[in-house]
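Here is my_file10.txt, consisting of compact mmCIF, C-alpha atoms:
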```txt
# COMPACT_ATOMS: atom_id res chain seq x y z
CA MET A 1 87.37 106.60 111.60
CA HIS A 2 88.11 103.39 113.58
CA ILE A 3 84.92 101.40 112.96
CA PRO A 4 84.20 99.29 116.07
CA ASP A 5 82.79 95.74 116.18
CA GLY A 6 79.04 95.70 115.60
CA TYR A 7 78.76 98.60 113.18
CA LEU A 8 79.39 96.57 110.02
CA GLY A 9 77.43 93.41 109.32
CA PRO A 10 79.10 90.16 108.14
CA THR A 11 78.50 90.87 104.44
CA THR A 12 80.50 94.08 104.64
CA PHE A 13 83.27 93.08 107.03
CA ILE A 14 83.96 89.76 105.28
CA THR A 15 84.07 91.57 101.92
CA MET A 16 86.54 94.09 103.33
CA TYR A 17 88.81 91.30 104.62
CA LEU A 18 88.66 89.62 101.21
CA ILE A 19 89.65 92.90 99.53
CA MET A 20 92.51 93.45 101.99
CA ILE A 21 94.16 90.01 101.72
CA PRO A 22 95.61 90.54 98.19
CA ILE A 23 96.47 94.16 99.11
CA TRP A 24 98.46 93.01 102.17
CA LEU A 25 100.20 90.30 100.14
CA TYR A 26 101.16 92.65 97.32
CA ALA A 27 102.25 95.33 99.81
CA GLY A 28 104.63 92.82 101.41
CA TYR A 29 105.95 91.84 97.97
CA TRP A 30 106.43 95.49 96.95
CA VAL A 31 108.29 96.33 100.16
CA GLN A 32 110.56 93.32 99.65
CA LYS A 33 111.33 94.31 96.05
CA ASN A 34 111.70 98.06 96.46
CA LEU A 35 112.95 98.96 99.92
CA ARG A 36 116.47 98.46 101.21
CA SER A 37 117.60 97.29 104.61
CA ARG A 38 118.77 100.80 105.56
CA GLN A 39 115.10 101.88 105.25
CA VAL A 40 113.88 99.38 107.87
CA PRO A 41 114.30 101.90 110.75
CA TYR A 42 112.13 104.33 108.76
CA LEU A 43 109.41 101.68 108.45
CA ALA A 44 109.47 101.31 112.25
CA LEU A 45 109.44 105.07 112.71
CA ALA A 46 106.50 105.41 110.30
CA ALA A 47 104.38 102.85 112.18
CA ALA A 48 105.21 104.52 115.52
CA PHE A 49 104.49 107.97 114.10
CA SER A 50 101.10 106.86 112.70
CA PHE A 51 100.21 105.45 116.10
CA VAL A 52 101.05 108.65 117.98
CA ILE A 53 99.46 111.07 115.52
CA MET A 54 96.16 109.22 115.92
CA MET A 55 96.22 109.95 119.69
CA PHE A 56 95.77 113.67 119.03
CA ASN A 57 91.99 113.90 119.10
CA VAL A 58 90.53 117.12 117.81
CA PRO A 59 87.11 118.26 119.09
CA VAL A 60 84.53 119.45 116.57
CA PRO A 61 81.36 121.50 117.13
CA GLY A 62 78.49 119.13 117.88
CA GLY A 63 80.41 117.09 120.42
CA SER A 64 82.21 114.64 118.15
CA SER A 65 85.97 114.22 117.80
CA GLY A 66 88.52 112.74 115.42
CA HIS A 67 92.15 112.82 114.35
CA ALA A 68 94.69 112.80 111.55
CA VAL A 69 96.26 109.48 110.46
CA GLY A 70 99.62 110.32 108.89
CA SER A 71 99.50 107.63 106.22
CA ALA A 72 99.61 110.01 103.24
CA LEU A 73 102.97 111.24 104.53
CA VAL A 74 104.29 107.69 104.82
CA ALA A 75 102.99 107.00 101.29
CA ILE A 76 104.91 109.97 99.88
CA ILE A 77 108.15 109.16 101.73
CA LEU A 78 108.28 105.35 101.63
CA GLY A 79 105.73 104.56 98.91
CA PRO A 80 101.98 103.87 99.17
CA TRP A 81 102.49 100.10 99.47
CA ALA A 82 104.87 100.61 102.40
CA ALA A 83 102.21 102.85 103.98
CA VAL A 84 99.74 99.95 103.74
CA VAL A 85 102.15 97.89 105.86
CA THR A 86 102.99 100.56 108.49
CA THR A 87 99.39 101.78 108.90
CA SER A 88 98.08 98.21 109.17
CA VAL A 89 100.65 97.54 111.93
CA ALA A 90 99.52 100.67 113.86
CA LEU A 91 95.84 99.74 113.38
CA LEU A 92 96.49 96.17 114.57
CA ILE A 93 98.01 97.43 117.84
CA GLN A 94 95.17 99.93 118.29
CA CYS A 95 92.60 97.19 117.80
CA LEU A 96 94.21 94.46 119.94
CA VAL A 97 95.82 96.47 122.75
CA PHE A 98 93.59 99.53 123.00
CA GLY A 99 90.19 98.36 121.71
CA ASP A 100 90.22 101.15 119.11
CA GLY A 101 88.61 99.73 115.97
CA GLY A 102 86.92 96.34 115.90
CA ILE A 103 88.48 92.94 115.20
CA THR A 104 85.74 92.15 112.68
CA ALA A 105 86.13 95.66 111.19
CA PHE A 106 89.96 95.42 111.00
CA GLY A 107 89.86 94.70 107.25
CA ALA A 108 87.60 97.69 106.63
CA ASN A 109 89.74 99.97 108.80
CA CYS A 110 92.92 98.85 107.02
CA PHE A 111 91.22 99.56 103.71
CA ASN A 112 89.97 103.04 104.70
CA MET A 113 92.95 104.36 106.65
CA GLY A 114 95.71 102.05 105.42
CA THR A 115 94.89 101.92 101.69
CA VAL A 116 92.56 104.75 100.60
CA ILE A 117 94.52 107.49 102.39
CA PRO A 118 97.96 106.40 101.10
CA PHE A 119 96.86 105.87 97.50
CA VAL A 120 94.59 108.90 97.13
CA GLY A 121 97.20 111.01 98.94
CA TYR A 122 100.10 109.71 96.87
CA PHE A 123 98.42 110.02 93.46
CA LEU A 124 97.13 113.50 94.14
CA TYR A 125 100.63 114.50 95.33
CA LYS A 126 102.15 113.05 92.15
CA LEU A 127 99.61 114.78 89.96
CA ILE A 128 100.07 118.21 91.57
CA ALA A 129 103.85 117.93 91.97
CA GLY A 130 104.35 117.11 88.30
CA LYS A 131 108.01 117.48 87.36
CA SER A 132 108.83 120.00 90.08
CA ALA A 133 112.09 119.75 92.03
CA ILE A 134 112.15 117.59 95.14
CA ALA A 135 112.13 120.38 97.74
CA SER A 136 110.16 122.89 95.67
CA THR A 137 107.25 124.82 97.12
CA ARG A 138 104.97 123.24 94.55
CA ARG A 139 105.90 119.71 95.68
CA ILE A 140 105.43 120.65 99.37
CA ILE A 141 101.95 122.02 98.60
CA ALA A 142 101.26 118.84 96.63
CA ALA A 143 102.17 116.70 99.66
CA ALA A 144 100.00 118.82 101.98
CA LEU A 145 97.00 118.57 99.63
CA GLY A 146 97.60 114.82 99.28
CA GLY A 147 97.20 114.54 103.05
CA TYR A 148 94.09 116.72 103.06
CA PHE A 149 92.19 114.86 100.34
CA GLY A 150 93.52 111.41 101.21
CA LEU A 151 92.02 111.61 104.69
CA GLY A 152 88.80 113.28 103.53
CA ILE A 153 88.08 110.73 100.80
CA ALA A 154 88.84 107.85 103.16
CA ALA A 155 86.32 109.35 105.61
CA GLY A 156 83.74 109.34 102.81
CA VAL A 157 84.51 105.66 102.08
CA ALA A 158 84.14 104.79 105.79
CA GLY A 159 80.85 106.75 105.87
CA PHE A 160 79.66 104.77 102.84
CA GLU A 161 80.51 101.39 104.44
CA MET A 162 78.59 102.35 107.59
CA GLY A 163 75.70 104.03 105.76
CA ILE A 164 74.81 100.99 103.61
CA GLN A 165 74.25 98.80 106.71
CA PRO A 166 70.52 99.66 107.16
CA ILE A 167 69.98 98.63 103.50
CA LEU A 168 72.02 95.41 103.76
CA GLU A 169 71.21 94.00 107.18
CA TYR A 170 67.90 94.32 109.02
CA THR A 171 65.12 92.34 110.67
CA THR A 172 61.48 92.90 109.84
CA THR A 173 59.06 93.23 112.75
CA ALA A 174 55.56 91.72 112.78
CA ALA A 175 54.27 95.14 111.75
CA GLY A 176 56.52 95.07 108.69
CA VAL A 177 59.01 97.65 109.94
CA GLN A 178 62.65 97.12 108.95
CA VAL A 179 64.94 97.48 111.96
CA PRO A 180 68.69 97.81 111.27
CA LEU A 181 70.88 95.13 112.84
CA TYR A 182 74.13 97.10 112.79
CA MET A 183 74.85 100.79 112.10
CA PRO A 184 71.38 102.32 112.46
CA TYR A 185 72.06 105.49 110.44
CA GLY A 186 71.78 105.49 106.66
CA LEU A 187 73.89 107.21 104.02
CA ASN A 188 71.90 110.45 104.42
CA VAL A 189 73.43 110.79 107.92
CA THR A 190 76.79 108.99 107.69
CA MET A 191 78.07 110.64 104.52
CA PRO A 192 77.60 114.29 105.53
CA ALA A 193 78.75 113.58 109.10
CA MET A 194 82.00 111.92 108.04
CA LEU A 195 82.75 114.33 105.19
CA ILE A 196 82.02 117.56 107.08
CA ASP A 197 83.94 116.54 110.24
CA HIS A 198 86.95 115.46 108.21
CA PHE A 199 87.16 118.02 105.42
CA GLY A 200 86.22 120.76 107.87
CA PHE A 201 88.57 119.86 110.71
CA PHE A 202 90.76 116.73 110.85
CA CYS A 203 91.99 117.06 107.25
CA TRP A 204 93.59 120.37 108.15
CA VAL A 205 95.71 118.61 110.77
CA GLU A 206 96.67 116.01 108.16
CA LEU A 207 97.51 118.82 105.71
CA ILE A 208 99.84 120.58 108.17
CA VAL A 209 101.56 117.41 109.40
CA THR A 210 102.08 116.06 105.86
CA GLY A 211 103.32 119.40 104.49
CA LEU A 212 105.72 120.15 107.36
CA ALA A 213 107.23 116.68 107.63
CA PHE A 214 107.61 116.36 103.85
CA ALA A 215 109.26 119.80 103.62
CA TYR A 216 111.75 118.87 106.34
CA ILE A 217 112.69 115.53 104.79
CA ALA A 218 112.81 116.86 101.20
CA LYS A 219 115.11 119.72 102.21
CA ASN A 220 117.43 117.79 104.54
CA SER A 221 117.53 114.17 103.38
CA PRO A 222 115.81 113.80 100.01
CA ASP A 223 117.54 110.41 99.62
CA VAL A 224 115.17 109.02 102.28
CA ILE A 225 112.27 109.51 99.83
CA PHE A 226 111.77 106.17 98.08
CA ASN A 227 111.57 107.57 94.53
CA SER A 228 113.94 110.53 94.99
CA LYS A 229 116.20 109.43 92.10
CA GLU A 230 113.24 109.33 89.74
CA ILE A 231 112.00 112.73 90.94
CA GLU A 232 115.44 114.29 90.51
CA LYS A 233 115.91 112.75 87.07
CA ASN A 234 112.54 114.00 85.84
CA ALA A 235 112.80 117.43 87.41
CA LYS A 236 113.41 120.17 84.88
CA PRO A 237 117.13 121.08 85.09
CA GLU A 238 116.29 124.65 85.92
CA ALA A 239 112.85 125.91 86.79
CA SER A 240 111.96 127.91 83.72
CA PRO A 241 111.25 131.44 84.94
CA GLY A 242 107.53 132.05 85.03
CA GLY A 243 106.96 128.70 83.35
CA ALA A 244 105.86 126.38 86.12
CA PRO A 245 102.40 127.09 87.45
CA ALA A 246 102.99 127.04 91.20
CA MET B 1 114.85 110.33 129.49
CA GLN B 2 118.39 109.51 130.63
CA ASN B 3 119.40 109.00 127.00
CA ARG B 4 118.94 112.72 126.31
CA ARG B 5 121.90 113.58 128.52
CA PRO B 6 125.08 114.46 126.64
CA ALA B 7 127.33 111.44 126.56
CA ARG B 8 130.79 111.97 127.95
CA GLU B 9 133.54 109.40 128.04
CA GLY B 10 133.32 107.35 131.18
CA HIS B 11 129.88 108.69 131.88
CA GLN B 12 127.02 106.32 132.65
CA ARG B 13 125.19 106.04 129.36
CA GLU B 14 123.85 102.52 129.26
CA VAL B 15 120.17 101.74 129.53
CA MET B 16 119.25 98.10 130.13
CA GLY B 17 122.70 97.06 128.98
CA MET B 18 122.47 98.94 125.68
CA ASP B 19 124.71 101.80 124.67
CA VAL B 20 121.78 104.07 123.83
CA MET B 21 123.80 107.22 123.14
CA GLY B 22 126.22 105.25 120.97
CA VAL B 23 123.35 103.89 118.87
CA PHE B 24 121.69 107.31 118.76
CA ASN B 25 124.88 109.07 117.63
CA LYS B 26 125.43 106.56 114.83
CA MET B 27 122.02 107.33 113.27
CA ASP B 28 121.91 109.78 110.41
CA LYS B 29 120.90 113.30 111.30
CA THR B 30 117.46 113.29 109.69
CA PHE B 31 116.49 110.07 111.41
CA ARG B 32 117.66 111.51 114.75
CA THR B 33 115.63 114.68 114.24
CA LEU B 34 112.52 112.67 113.32
CA LEU B 35 113.05 110.45 116.36
CA ILE B 36 113.22 113.56 118.57
CA CYS B 37 110.00 114.83 116.91
CA LEU B 38 108.37 111.50 117.76
CA VAL B 39 109.41 111.82 121.42
CA VAL B 40 108.14 115.43 121.52
CA LEU B 41 104.79 114.27 120.09
CA MET B 42 104.67 111.55 122.76
CA LEU B 43 105.24 114.16 125.47
CA LEU B 44 102.39 116.26 124.01
CA VAL B 45 99.80 113.44 123.74
CA PRO B 46 97.67 114.66 126.69
CA ILE B 47 96.51 117.44 124.32
CA GLY B 48 94.52 114.67 122.64
CA LEU B 49 92.51 114.24 125.86
CA ILE B 50 90.89 117.67 125.54
CA ALA B 51 88.45 116.32 122.96
CA THR B 52 85.96 114.36 125.05
CA GLY B 53 83.29 113.57 122.45
CA THR B 54 83.03 110.12 120.88
CA ALA B 55 83.97 110.02 117.19
CA PHE B 56 81.12 109.54 114.71
CA GLY B 57 80.17 105.87 114.43
CA GLU B 58 82.27 104.81 117.43
CA TRP B 59 79.59 105.09 120.12
CA GLY B 60 79.03 102.47 122.78
CA PRO B 61 75.65 100.71 123.03
CA ASP B 62 74.47 103.08 125.80
CA GLU B 63 75.20 106.14 123.64
CA LEU B 64 73.27 104.57 120.74
CA GLN B 65 70.35 103.76 123.05
CA GLN B 66 70.19 107.45 123.92
CA ALA B 67 70.54 108.65 120.34
CA VAL B 68 68.20 106.33 118.43
CA GLY B 69 66.14 104.79 121.25
CA TYR B 70 67.34 101.19 120.80
CA VAL B 71 70.48 99.12 120.42
CA PRO B 72 70.57 97.24 117.08
CA ALA B 73 70.48 93.48 117.81
CA GLY B 74 73.55 92.56 115.75
CA LEU B 75 75.58 95.40 117.23
CA GLN B 76 74.57 94.31 120.75
CA GLN B 77 75.84 90.82 119.95
CA MET B 78 79.18 91.87 118.49
CA THR B 79 80.07 94.73 120.80
CA GLY B 80 82.55 93.73 123.47
CA LEU B 81 83.75 90.86 121.29
CA TRP B 82 87.27 91.64 122.41
CA SER B 83 88.41 93.08 125.71
CA ALA B 84 91.60 95.01 125.14
CA PRO B 85 94.16 95.24 127.97
CA LEU B 86 94.45 99.05 127.75
CA ASN B 87 90.92 99.67 126.51
CA GLY B 88 90.29 103.28 125.49
CA TYR B 89 94.02 104.16 125.90
CA ASP B 90 93.53 104.10 129.66
CA LEU B 91 94.63 102.06 132.64
CA PRO B 92 91.90 100.01 134.33
CA GLY B 93 89.60 102.01 136.59
CA ASP B 94 87.25 104.97 136.24
CA HIS B 95 89.07 108.07 135.04
CA GLU B 96 86.77 110.95 134.19
CA THR B 97 89.16 113.91 134.27
CA ILE B 98 92.19 114.80 132.17
CA PRO B 99 94.67 114.62 135.10
CA THR B 100 93.51 111.09 136.00
CA GLN B 101 93.51 110.00 132.33
CA THR B 102 96.99 111.38 131.62
CA PRO B 103 99.06 108.54 133.19
CA GLY B 104 97.16 105.92 131.19
CA TYR B 105 97.47 108.00 128.03
CA TYR B 106 101.26 108.26 128.48
CA VAL B 107 101.53 104.52 129.13
CA SER B 108 99.45 103.94 125.98
CA ALA B 109 101.68 106.22 123.89
CA ILE B 110 104.82 104.40 125.08
CA VAL B 111 103.37 100.90 124.65
CA GLY B 112 101.88 101.78 121.24
CA VAL B 113 105.04 103.39 119.88
CA VAL B 114 107.34 100.62 121.12
CA VAL B 115 105.13 97.73 119.99
CA ALA B 116 104.17 99.28 116.62
CA GLY B 117 107.82 100.25 116.00
CA LEU B 118 109.15 96.80 116.93
CA ILE B 119 106.58 94.93 114.81
CA ALA B 120 107.20 97.13 111.77
CA TYR B 121 110.96 96.76 112.32
CA GLY B 122 110.61 92.98 112.60
CA VAL B 123 108.45 92.76 109.49
CA GLY B 124 110.96 94.92 107.58
CA LYS B 125 113.95 92.85 108.78
CA VAL B 126 112.29 89.60 107.76
CA ILE B 127 111.08 90.60 104.29
CA ILE B 128 113.69 93.14 103.12
CA LYS B 129 116.84 91.54 101.77
CA ARG B 130 118.22 94.29 99.50
CA ASN B 131 121.32 95.99 100.81
CA ASP B 132 122.32 98.25 97.90
```
Can you give me the file's structure in the form of structure tokens?
Amino acid sequence: MHIPDGYLGPTTFITMYLIMIPIWLYAGYWVQKNLRSRQVPYLALAAAFSFVIMMFNVPVPGGSSGHAVGSALVAIILGPWAAVVTTSVALLIQCLVFGDGGITAFGANCFNMGTVIPFVGYFLYKLIAGKSAIASTRRIIAAALGGYFGLGIAAGVAGFEMGIQPILEYTTTAAGVQVPLYMPYGLNVTMPAMLIDHFGFFCWVELIVTGLAFAYIAKNSPDVIFNSKEIEKNAKPEASPGGAPA
Amino acid sequence: MQNRRPAREGHQREVMGMDVMGVFNKMDKTFRTLLICLVVLMLLVPIGLIATGTAFGEWGPDELQQAVGYVPAGLQQMTGLWSAPLNGYDLPGDHETIPTQTPGYYVSAIVGVVVAGLIAYGVGKVIIKRND
């Protein structure tokens, strides 16, 4: 999902930078207000973990490949705004040091992988987890599904950004034919390609990683989870037998 | 991996002048376990080399030429805008097979983890002031 330089025209990549600037600023403000200094090592660990998880490329039928991102997990543990910061750091290194993802497309990539995944993942997790206990099976399933849909929806957003290029930016030949200047494929190709590859394959990796890591942290050190006090306060004192739909 | 050795009193346990085992032992258990998971993932990264296909929408100009019969003019102009030092998570040179790509992939994992970790740590240290 790392869009390289040349696939998005100026209209799109400038817009994506303009969208990201307030998101980065607010994310910094949120982290300052809500995290504590003992959580700084976890921020570092989260950025490093995101970087590594993206190195595990998964092949898909048809010759393409892709990977999980890990930012839904970070969103659930440290908060979605913290995940914006840690994923953006990992994406910056990937872009500058490894040429993975374009410099012009950095804003778009930070929006897709560093914003859409954390927020979709976190809100779906919250919705499904409801008032369940912190290490309950229901909450673990909620985290796993947050990872699955966070990544899949972000892939759809990336497919949309790429697919609108032939409509937005083209030259017209003498014969009146419109030739795309950037991504040559339209939405009819980019949307199904991105959605099928992700929901069919890479999202399952995200689901497993998010579910396993969340289960481990929730069972062993729930206090690491940024809103653990709130979760524990809201959790029903004792799971009413047969009451909670799992 | 010398920091994985059990630390005994009087035993050599410093790496680059830092008491690595001392720092490691002072971390809380969950953080230590997650750190070990991170190192295990780093050791396993060559698995990621099995997938050889280019991800959708990440093709080079030559791959696009083959697929659609031309290279879009704007894409041609912007591609190669930046030359990354470890481009493609590989050391310089032509590496076509997994065994020849593995060293570069390990170097990339180490560089990426250390740099991403340090930057995120630095950002956190600078902006987070709460101690409670």
Checklist entry - How would you write as an NGL selection string the residues that get within 12 Å of (115.8, 107.1, 114.3) in the file's frame, counting only C-alpha atoms? => result (:A and (38-46 or 48-49)) or (:B and (20-21 or 23-39 or 117 or 121))
Please, could you write that set of residues out with C-alpha atoms as a PDB file, keeping the file's coordinate frame?
```
ATOM      1  CA  ARG A  38     118.770 100.800 105.560  1.00  0.00           C
ATOM      2  CA  GLN A  39     115.100 101.880 105.250  1.00  0.00           C
ATOM      3  CA  VAL A  40     113.880  99.380 107.870  1.00  0.00           C
ATOM      4  CA  PRO A  41     114.300 101.900 110.750  1.00  0.00           C
ATOM      5  CA  TYR A  42     112.130 104.330 108.760  1.00  0.00           C
ATOM      6  CA  LEU A  43     109.410 101.680 108.450  1.00  0.00           C
ATOM      7  CA  ALA A  44     109.470 101.310 112.250  1.00  0.00           C
ATOM      8  CA  LEU A  45     109.440 105.070 112.710  1.00  0.00           C
ATOM      9  CA  ALA A  46     106.500 105.410 110.300  1.00  0.00           C
ATOM     10  CA  ALA A  48     105.210 104.520 115.520  1.00  0.00           C
ATOM     11  CA  PHE A  49     104.490 107.970 114.100  1.00  0.00           C
TER      12      PHE A  49
ATOM     13  CA  VAL B  20     121.780 104.070 123.830  1.00  0.00           C
ATOM     14  CA  MET B  21     123.800 107.220 123.140  1.00  0.00           C
ATOM     15  CA  VAL B  23     123.350 103.890 118.870  1.00  0.00           C
ATOM     16  CA  PHE B  24     121.690 107.310 118.760  1.00  0.00           C
ATOM     17  CA  ASN B  25     124.880 109.070 117.630  1.00  0.00           C
ATOM     18  CA  LYS B  26     125.430 106.560 114.830  1.00  0.00           C
ATOM     19  CA  MET B  27     122.020 107.330 113.270  1.00  0.00           C
ATOM     20  CA  ASP B  28     121.910 109.780 110.410  1.00  0.00           C
ATOM     21  CA  LYS B  29     120.900 113.300 111.300  1.00  0.00           C
ATOM     22  CA  THR B  30     117.460 113.290 109.690  1.00  0.00           C
ATOM     23  CA  PHE B  31     116.490 110.070 111.410  1.00  0.00           C
ATOM     24  CA  ARG B  32     117.660 111.510 114.750  1.00  0.00           C
ATOM     25  CA  THR B  33     115.630 114.680 114.240  1.00  0.00           C
ATOM     26  CA  LEU B  34     112.520 112.670 113.320  1.00  0.00           C
ATOM     27  CA  LEU B  35     113.050 110.450 116.360  1.00  0.00           C
ATOM     28  CA  ILE B  36     113.220 113.560 118.570  1.00  0.00           C
ATOM     29  CA  CYS B  37     110.000 114.830 116.910  1.00  0.00           C
ATOM     30  CA  LEU B  38     108.370 111.500 117.760  1.00  0.00           C
ATOM     31  CA  VAL B  39     109.410 111.820 121.420  1.00  0.00           C
ATOM     32  CA  GLY B 117     107.820 100.250 116.000  1.00  0.00           C
ATOM     33  CA  TYR B 121     110.960  96.760 112.320  1.00  0.00           C
TER      34      TYR B 121
END
```
Next on the checklist: If the cut-off is 7 Å, can you tell me the residues of chain B near chain A, counting only C-alpha atoms? I'd like them as a ChimeraX atom specification.
Outcome noted: /B:30,38,42,45,47-49,51,53-58,72-76,78-79,83-89,109,112-113,116-118,120-121,124-125,127-132
Checklist entry - Which of these residues is nearest to Arg138 (chain A), using all atoms listed in the file: A:Gly107, A:Gly211, A:Pro192, A:Pro166? => result A:Gly211
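When CA of Ile153 (chain A) is paired with CA of Ala108 (chain A), their separation reads 14.3 Å.
Coordinates place CA of Asn112 (chain A) at a distance of 14.1 Å from CA of Met191 (chain A).
Atom pair CA of Thr102 (chain B) / CA of Pro46 (chain B): separated by 6.0 Å.
Counting only C-alpha atoms, the residue from A:Phe111, A:Phe160, A:Val120, A:Phe199 that sits nearest to Ile21 (chain A) is A:Phe111.
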Generate the coordinates of N, CA and C atoms for region 224-235 of chain A; report them as a PDB file, in the coordinates of the input.
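This went into rebuild-v3.pdb:
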```pdb
ATOM      1  N   VAL A 224     116.063 109.894 101.506  1.00  0.00           N
ATOM      2  CA  VAL A 224     115.170 109.020 102.280  1.00  0.00           C
ATOM      3  C   VAL A 224     113.893 108.732 101.489  1.00  0.00           C
ATOM      4  N   ILE A 225     113.499 109.663 100.622  1.00  0.00           N
ATOM      5  CA  ILE A 225     112.270 109.510  99.830  1.00  0.00           C
ATOM      6  C   ILE A 225     112.468 108.401  98.799  1.00  0.00           C
ATOM      7  N   PHE A 226     111.544 107.433  98.806  1.00  0.00           N
ATOM      8  CA  PHE A 226     111.770 106.170  98.080  1.00  0.00           C
ATOM      9  C   PHE A 226     112.027 106.363  96.590  1.00  0.00           C
ATOM     10  N   ASN A 227     111.384 107.376  95.972  1.00  0.00           N
ATOM     11  CA  ASN A 227     111.570 107.570  94.530  1.00  0.00           C
ATOM     12  C   ASN A 227     112.326 108.875  94.235  1.00  0.00           C
ATOM     13  N   SER A 228     113.240 109.253  95.155  1.00  0.00           N
ATOM     14  CA  SER A 228     113.940 110.530  94.990  1.00  0.00           C
ATOM     15  C   SER A 228     114.765 110.585  93.706  1.00  0.00           C
ATOM     16  N   LYS A 229     115.365 109.435  93.326  1.00  0.00           N
ATOM     17  CA  LYS A 229     116.200 109.430  92.100  1.00  0.00           C
ATOM     18  C   LYS A 229     115.343 109.747  90.892  1.00  0.00           C
ATOM     19  N   GLU A 230     114.169 109.127  90.851  1.00  0.00           N
ATOM     20  CA  GLU A 230     113.240 109.330  89.740  1.00  0.00           C
ATOM     21  C   GLU A 230     112.778 110.783  89.703  1.00  0.00           C
ATOM     22  N   ILE A 231     112.461 111.342  90.877  1.00  0.00           N
ATOM     23  CA  ILE A 231     112.000 112.730  90.940  1.00  0.00           C
ATOM     24  C   ILE A 231     113.086 113.667  90.436  1.00  0.00           C
ATOM     25  N   GLU A 232     114.332 113.409  90.903  1.00  0.00           N
ATOM     26  CA  GLU A 232     115.440 114.290  90.510  1.00  0.00           C
ATOM     27  C   GLU A 232     115.779 114.170  89.034  1.00  0.00           C
ATOM     28  N   LYS A 233     115.619 112.958  88.494  1.00  0.00           N
ATOM     29  CA  LYS A 233     115.910 112.750  87.070  1.00  0.00           C
ATOM     30  C   LYS A 233     114.884 113.477  86.197  1.00  0.00           C
ATOM     31  N   ASN A 234     113.612 113.404  86.640  1.00  0.00           N
ATOM     32  CA  ASN A 234     112.540 114.000  85.840  1.00  0.00           C
ATOM     33  C   ASN A 234     112.411 115.509  86.015  1.00  0.00           C
ATOM     34  N   ALA A 235     112.958 116.006  87.135  1.00  0.00           N
ATOM     35  CA  ALA A 235     112.800 117.430  87.410  1.00  0.00           C
ATOM     36  C   ALA A 235     113.466 118.234  86.312  1.00  0.00           C
TER      37      ALA A 235
END
```
